[in-house]
$ cat target03.tsv   # TSV, C-alpha atoms
chain	number	residue	atom	x	y	z
A	17	MET	CA	-0.25	-5.18	10.42
A	18	GLY	CA	-0.59	-8.96	10.60
A	19	ALA	CA	-4.27	-8.76	9.66
A	20	LEU	CA	-3.52	-6.56	6.65
A	21	SER	CA	-0.76	-8.87	5.49
A	22	GLY	CA	-3.06	-11.87	5.81
A	23	TRP	CA	-5.81	-10.09	3.84
A	24	CYS	CA	-3.31	-9.36	1.06
A	25	ARG	CA	-2.26	-13.02	0.84
A	26	GLN	CA	-5.89	-14.10	0.78
A	27	ASN	CA	-6.64	-11.76	-2.11
A	28	PHE	CA	-3.43	-12.45	-4.09
A	29	LEU	CA	-2.00	-8.98	-3.40
A	30	ASN	CA	1.55	-8.00	-2.53
A	31	PHE	CA	1.64	-6.24	0.84
A	32	SER	CA	4.95	-4.48	0.15
A	33	SER	CA	3.77	-3.23	-3.24
A	34	LEU	CA	0.59	-1.80	-1.72
A	35	ASN	CA	2.64	-0.01	0.94
A	36	MET	CA	4.85	1.46	-1.79
A	37	ILE	CA	1.79	2.60	-3.76
A	38	SER	CA	0.34	4.22	-0.64
A	39	ASP	CA	3.57	6.15	-0.06
A	40	LEU	CA	3.72	7.25	-3.70
A	41	ARG	CA	0.13	8.45	-3.51
A	42	LYS	CA	0.90	10.58	-0.45
A	43	ASN	CA	3.98	12.07	-2.10
A	44	ILE	CA	2.15	12.90	-5.33
A	45	SER	CA	-0.73	14.40	-3.37
A	46	ARG	CA	1.66	16.72	-1.56
A	47	GLU	CA	3.29	17.74	-4.85
A	48	LEU	CA	-0.09	18.53	-6.44
A	49	GLU	CA	-1.19	20.55	-3.41
A	50	GLY	CA	2.04	22.52	-3.66
A	51	LEU	CA	1.17	23.37	-7.27
A	52	GLY	CA	-2.23	24.69	-6.24
A	53	PHE	CA	-4.54	21.72	-6.70
A	54	PRO	CA	-7.15	21.19	-3.95
A	55	PRO	CA	-6.29	18.54	-1.32
A	56	CYS	CA	-7.67	15.12	-2.21
A	57	SER	CA	-8.63	14.60	1.45
A	58	LYS	CA	-11.20	17.42	1.35
A	59	GLN	CA	-14.67	17.05	-0.08
A	60	GLY	CA	-15.71	19.19	-3.02
A	61	TYR	CA	-16.29	19.23	-6.76
A	62	HIS	CA	-12.84	17.80	-7.42
A	63	ASN	CA	-13.54	14.82	-5.13
A	64	ARG	CA	-17.19	14.19	-6.00
A	65	ASN	CA	-16.63	10.65	-7.25
A	66	GLY	CA	-14.91	9.42	-4.08
A	67	ASP	CA	-12.28	6.69	-3.86
A	68	PHE	CA	-14.48	3.74	-4.79
A	69	ASN	CA	-15.70	4.48	-8.30
A	70	PRO	CA	-14.35	1.62	-10.47
A	71	ALA	CA	-15.10	3.43	-13.74
A	72	PHE	CA	-12.97	6.43	-12.74
A	73	LEU	CA	-10.25	4.27	-11.23
A	74	GLN	CA	-9.89	2.33	-14.49
A	75	ALA	CA	-10.00	5.50	-16.58
A	76	SER	CA	-7.31	7.11	-14.41
A	77	ILE	CA	-5.08	4.04	-14.65
A	78	CYS	CA	-5.55	3.89	-18.42
A	79	ALA	CA	-4.79	7.59	-18.94
A	80	GLY	CA	-1.79	7.45	-16.61
A	81	LEU	CA	-0.19	4.34	-18.12
A	82	TYR	CA	-0.98	4.95	-21.79
A	83	PRO	CA	0.53	3.89	-24.20
A	84	ASN	CA	0.99	0.74	-22.10
A	85	VAL	CA	-2.16	-0.78	-23.54
A	86	ALA	CA	-2.65	-4.00	-25.48
A	87	TYR	CA	-5.59	-5.73	-27.13
A	88	ARG	CA	-6.64	-9.08	-28.53
A	89	ARG	CA	-9.50	-10.34	-30.71
A	90	GLN	CA	-11.80	-13.32	-30.61
A	91	ASN	CA	-10.00	-16.65	-29.90
A	92	ASP	CA	-6.62	-14.92	-29.44
A	93	VAL	CA	-4.52	-16.14	-26.53
A	94	ASN	CA	-1.90	-13.38	-26.56
A	95	PHE	CA	-2.23	-9.58	-26.71
A	96	SER	CA	-0.76	-7.10	-29.20
A	97	THR	CA	0.86	-3.92	-27.88
A	98	MET	CA	1.14	-0.54	-29.60
A	99	THR	CA	4.62	-1.55	-30.78
A	100	ASN	CA	3.18	-4.76	-32.31
A	101	GLN	CA	4.79	-6.94	-29.68
A	102	LYS	CA	2.98	-10.15	-28.81
A	103	ALA	CA	2.60	-10.40	-25.04
A	104	LYS	CA	0.82	-12.40	-22.37
A	105	VAL	CA	-0.17	-11.68	-18.78
A	106	HIS	CA	2.68	-12.37	-16.37
A	107	LEU	CA	2.24	-15.71	-14.61
A	108	GLY	CA	2.64	-13.98	-11.25
A	109	SER	CA	-0.44	-11.83	-11.87
A	110	VAL	CA	-3.86	-12.57	-10.41
A	111	ASN	CA	-5.15	-12.13	-13.98
A	112	ALA	CA	-3.13	-15.21	-15.01
A	113	VAL	CA	-4.94	-17.49	-12.56
A	114	LYS	CA	-6.78	-20.21	-14.50
A	115	SER	CA	-10.18	-19.06	-13.29
A	116	GLN	CA	-9.64	-15.57	-14.72
A	117	PRO	CA	-10.91	-14.72	-18.25
A	118	MET	CA	-7.57	-13.28	-19.41
A	119	SER	CA	-5.83	-16.57	-18.73
A	120	ARG	CA	-7.91	-18.20	-21.48
A	121	LYS	CA	-8.68	-17.55	-25.14
A	122	CYS	CA	-10.45	-14.29	-25.80
A	123	GLN	CA	-14.23	-14.75	-25.77
A	124	VAL	CA	-15.45	-11.37	-27.08
A	125	ALA	CA	-17.66	-11.07	-30.15
A	126	GLU	CA	-16.10	-11.17	-33.62
A	127	ASN	CA	-16.34	-7.40	-34.17
A	128	GLU	CA	-15.03	-6.46	-30.71
A	129	ALA	CA	-11.67	-6.36	-28.92
A	130	GLU	CA	-10.51	-6.97	-25.36
A	131	PHE	CA	-8.16	-4.35	-23.88
A	132	ILE	CA	-5.66	-4.60	-21.07
A	133	VAL	CA	-3.55	-1.91	-19.38
A	134	PHE	CA	-0.13	-2.84	-18.02
A	135	GLY	CA	2.60	-1.21	-15.98
A	136	GLU	CA	5.65	-2.86	-17.48
A	137	LEU	CA	6.57	-5.09	-20.42
A	138	VAL	CA	9.19	-7.72	-19.56
A	139	LYS	CA	11.05	-9.73	-22.21
A	140	GLY	CA	11.22	-13.45	-21.51
A	141	LYS	CA	12.85	-16.34	-23.34
A	142	ALA	CA	9.92	-16.97	-25.67
A	143	MET	CA	7.90	-13.75	-25.61
A	144	PHE	CA	7.02	-10.61	-23.64
A	145	SER	CA	5.05	-10.62	-20.40
A	146	MET	CA	2.91	-7.78	-19.02
A	147	GLU	CA	3.17	-6.94	-15.34
A	148	HIS	CA	0.75	-4.95	-13.15
A	149	THR	CA	-2.21	-5.56	-15.44
A	150	THR	CA	-5.84	-4.49	-15.29
A	151	HIS	CA	-8.64	-5.36	-17.66
A	152	LEU	CA	-10.20	-2.33	-19.37
A	153	VAL	CA	-13.97	-2.80	-19.25
A	154	SER	CA	-14.69	-0.18	-21.93
A	155	PRO	CA	-12.55	1.46	-24.64
A	156	LEU	CA	-14.05	4.89	-23.84
A	157	PRO	CA	-11.14	5.94	-21.57
A	158	LEU	CA	-8.85	5.36	-24.57
A	159	LEU	CA	-11.00	7.48	-26.87
A	160	LEU	CA	-11.60	10.32	-24.41
A	161	LEU	CA	-8.39	10.51	-22.39
A	162	CYS	CA	-5.49	9.03	-24.36
A	163	GLY	CA	-3.34	9.74	-27.40
A	164	GLN	CA	-4.43	11.59	-30.54
A	165	LEU	CA	-7.95	10.90	-31.78
A	166	HIS	CA	-8.87	11.36	-35.45
A	167	ILE	CA	-12.16	10.87	-37.28
A	168	ARG	CA	-13.02	10.38	-40.94
A	169	PRO	CA	-16.07	9.12	-42.84
A	170	ILE	CA	-16.11	5.69	-44.37
A	171	GLN	CA	-18.54	3.96	-46.73
A	172	PHE	CA	-19.49	0.31	-47.06
A	173	ALA	CA	-21.29	-1.47	-49.83
A	174	PRO	CA	-24.47	-3.15	-48.56
A	175	PRO	CA	-24.02	-6.86	-47.83
A	176	ALA	CA	-25.44	-9.44	-50.20
A	177	GLY	CA	-29.14	-9.98	-49.63
A	178	SER	CA	-29.51	-6.60	-47.90
A	179	THR	CA	-32.87	-4.80	-47.99
A	180	VAL	CA	-31.18	-1.54	-49.05
A	181	ALA	CA	-33.28	0.04	-51.81
A	182	ALA	CA	-30.67	0.06	-54.57
A	183	PRO	CA	-27.29	-1.61	-55.14
A	184	SER	CA	-25.74	1.85	-55.60
A	185	CYS	CA	-26.62	2.83	-52.01
A	186	THR	CA	-23.84	2.74	-49.45
A	187	ILE	CA	-23.74	2.43	-45.68
A	188	GLN	CA	-22.31	5.54	-44.02
A	189	LYS	CA	-20.09	5.04	-40.97
A	190	ALA	CA	-17.35	6.93	-39.15
A	191	LEU	CA	-13.84	5.69	-38.45
A	192	LEU	CA	-12.17	6.73	-35.17
A	193	SER	CA	-8.41	6.22	-35.13
A	194	LEU	CA	-6.33	6.41	-31.95
A	195	ASP	CA	-2.68	7.22	-32.71
A	196	GLU	CA	-3.04	5.24	-35.95
A	197	TRP	CA	-2.88	2.13	-33.79
A	198	VAL	CA	-6.40	0.94	-33.07
A	199	VAL	CA	-9.47	1.78	-35.11
A	200	PHE	CA	-13.13	1.89	-34.11
A	201	ILE	CA	-16.08	2.01	-36.50
A	202	GLY	CA	-19.34	3.58	-35.39
A	203	GLU	CA	-22.31	5.71	-36.29
A	204	PRO	CA	-21.29	9.15	-37.64
A	205	GLY	CA	-23.36	11.06	-35.10
A	206	THR	CA	-21.98	9.14	-32.12
A	207	ALA	CA	-18.39	9.39	-33.37
A	208	SER	CA	-18.69	13.14	-33.96
A	209	ALA	CA	-20.12	13.64	-30.47
A	210	LEU	CA	-17.18	11.74	-28.95
A	211	VAL	CA	-14.70	13.90	-30.86
A	212	VAL	CA	-16.39	17.12	-29.70
A	213	LEU	CA	-16.43	15.86	-26.11
A	214	ARG	CA	-12.76	14.94	-26.38
A	215	GLN	CA	-11.85	18.42	-27.66
A	216	ARG	CA	-13.68	20.10	-24.78
A	217	LEU	CA	-12.07	17.77	-22.24
A	218	ASP	CA	-8.63	18.58	-23.67
A	219	SER	CA	-9.42	22.28	-23.34
A	220	ALA	CA	-10.59	21.83	-19.71
A	221	PHE	CA	-7.47	19.84	-18.88
A	222	SER	CA	-5.20	22.53	-20.33
A	223	ARG	CA	-7.02	25.22	-18.39
A	224	ILE	CA	-6.85	23.31	-15.09
A	225	THR	CA	-3.16	22.42	-15.38
A	226	SER	CA	-2.19	25.97	-16.33
A	227	ASP	CA	-4.11	27.49	-13.39
A	228	PRO	CA	-5.02	24.84	-10.77
A	229	TYR	CA	-6.02	27.49	-8.20
A	230	ASN	CA	-9.15	28.10	-10.28
A	231	PHE	CA	-9.95	24.41	-10.54
A	232	THR	CA	-13.71	24.85	-10.18
A	233	ASP	CA	-14.01	28.03	-12.28
A	234	LEU	CA	-14.30	26.35	-15.66
A	235	PRO	CA	-16.40	27.86	-18.46
A	236	ALA	CA	-19.86	26.33	-18.63
A	237	MET	CA	-19.08	24.36	-21.81
A	238	GLU	CA	-15.96	22.75	-20.33
A	239	LYS	CA	-17.63	22.02	-17.00
A	240	ASP	CA	-20.50	20.33	-18.86
A	241	ALA	CA	-17.89	18.24	-20.70
A	242	VAL	CA	-16.32	17.13	-17.41
A	243	ASP	CA	-19.74	16.24	-16.01
A	244	THR	CA	-20.60	14.37	-19.22
A	245	LEU	CA	-17.37	12.40	-18.89
A	246	SER	CA	-18.53	11.20	-15.48
A	247	ILE	CA	-21.87	10.05	-16.87
A	248	VAL	CA	-20.38	8.37	-19.94
A	249	LEU	CA	-17.67	6.48	-18.03
A	250	ASN	CA	-20.09	5.19	-15.41
A	251	SER	CA	-22.69	4.21	-17.99
A	252	SER	CA	-20.22	2.28	-20.16
A	253	HIS	CA	-18.79	0.54	-17.09
A	254	LYS	CA	-22.23	-0.58	-15.90
A	255	ALA	CA	-23.31	-1.66	-19.39
A	256	ALA	CA	-20.26	-3.91	-19.93
A	257	PRO	CA	-20.91	-7.68	-19.74
A	258	LYS	CA	-20.15	-9.21	-16.38
A	259	ARG	CA	-17.00	-11.34	-16.25

$ encode --input "target03.tsv" --output "structure tokens"
Amino acid sequence: MGALSGWCRQNFLNFSSLNMISDLRKNISRELEGLGFPPCSKQGYHNRNGDFNPAFLQASICAGLYPNVAYRRQNDVNFSTMTNQKAKVHLGSVNAVKSQPMSRKCQVAENEAEFIVFGELVKGKAMFSMEHTTHLVSPLPLLLLCGQLHIRPIQFAPPAGSTVAAPSCTIQKALLSLDEWVVFIGEPGTASALVVLRQRLDSAFSRITSDPYNFTDLPAMEKDAVDTLSIVLNSSHKAAPKR
């Protein structure tokens, strides 16, 4: 016990909070098993990613805590929540340590955003603070696992000096909107593929939750979608810039 407590202090973790999380995990696991879900302690298709896959851990945290998500743009210090509240990382968080990227101005590219997931929003004297925070490496968990996703086409005029053949030509893009809160612009083919994948994942989730005893008996299309989710999440996590 003393060694564990010392390790927590060394890594800026709260020993009591981790114990509480461990107990909650055991309780939830028992509840899910009672509903018919396979035990998390047993190996199988449901447990194929193990306990140490950071891409799945982040995606699970994001999906579980949504809409407790905030973002900021280049050179921003504070984050904006879904309710348009300006917030910063709580000073007691390891993410607020001066050596951590989220304690400084946002350094992402001009056309990108930095996302953070939080457990609780606390109102202070000057502004809100976010507790229990984790940096979201990729926005894909938001697009594939959270809220309501909508797509529509959008056209842009070519920029000045462009090599587009004629001034009347336009650039075709797709706009992905998540709960009318945050918007992503991408290639039409990629955006459409994400929407189709999202629809199949939603269908698989509904099927599993309505009949957890047949967890592994998904139709081929939905099982392919679940397998594709694994590939996409891991790929985006590995491709993200190192911090």

$ atom_distance --input "target03.tsv" --atom1 "CA of Gly163 (chain A)" --atom2 "CA of Asp195 (chain A)"
5.9 Å

$ atom_distance --input "target03.tsv" --atom1 "CA of Pro54 (chain A)" --atom2 "CA of Ser252 (chain A)"
28.1 Å

$ axis_aligned_box --input "target03.tsv" --around "region 195-210 of chain A" --padding-each-side "5 Å" --output "lines of an AutoDock Vina configuration file"
center_x = -13.0
center_y = 7.3
center_z = -33.3
size_x = 30.7
size_y = 22.7
size_z = 18.7

$ residues_near_point --input "target03.tsv" --point "(-20.0, 3.0, -38.6)" --cutoff "6 Å" --atoms "only C-alpha atoms" --output "PyMOL selection string"
chain A and resi 189-190+201-203

$ closest_residue --input "target03.tsv" --among "A:Ala75, A:Val198, A:Val248, A:Leu217" --to "Thr99 (chain A)" --atoms "all atoms listed in the file"
A:Val198

$ residues_around --input "target03.tsv" --residues "Val85 (chain A)" --least-positions-apart "4" --cutoff "9 Å" --atoms "all atoms listed in the file" --output "PyMOL selection string"
chain A and resi 78+81+96-98+131-135

$ write_last_selection --input "target03.tsv" --atoms "C-alpha atoms" --output "mmCIF file, in the coordinates of the input"
data_model
loop_
_atom_site.group_PDB
_atom_site.id
_atom_site.type_symbol
_atom_site.label_atom_id
_atom_site.label_comp_id
_atom_site.auth_asym_id
_atom_site.auth_seq_id
_atom_site.Cartn_x
_atom_site.Cartn_y
_atom_site.Cartn_z
ATOM 1 C CA CYS A 78 -5.550 3.890 -18.420
ATOM 2 C CA LEU A 81 -0.190 4.340 -18.120
ATOM 3 C CA SER A 96 -0.760 -7.100 -29.200
ATOM 4 C CA THR A 97 0.860 -3.920 -27.880
ATOM 5 C CA MET A 98 1.140 -0.540 -29.600
ATOM 6 C CA PHE A 131 -8.160 -4.350 -23.880
ATOM 7 C CA ILE A 132 -5.660 -4.600 -21.070
ATOM 8 C CA VAL A 133 -3.550 -1.910 -19.380
ATOM 9 C CA PHE A 134 -0.130 -2.840 -18.020
ATOM 10 C CA GLY A 135 2.600 -1.210 -15.980
#

$ residues_near_point --input "target03.tsv" --point "(-20.1, 0.8, -18.0)" --cutoff "12 Å" --atoms "all atoms listed in the file" --output "VMD selection string"
chain A and resid 69 to 72 74 to 75 152 to 157 245 to 258
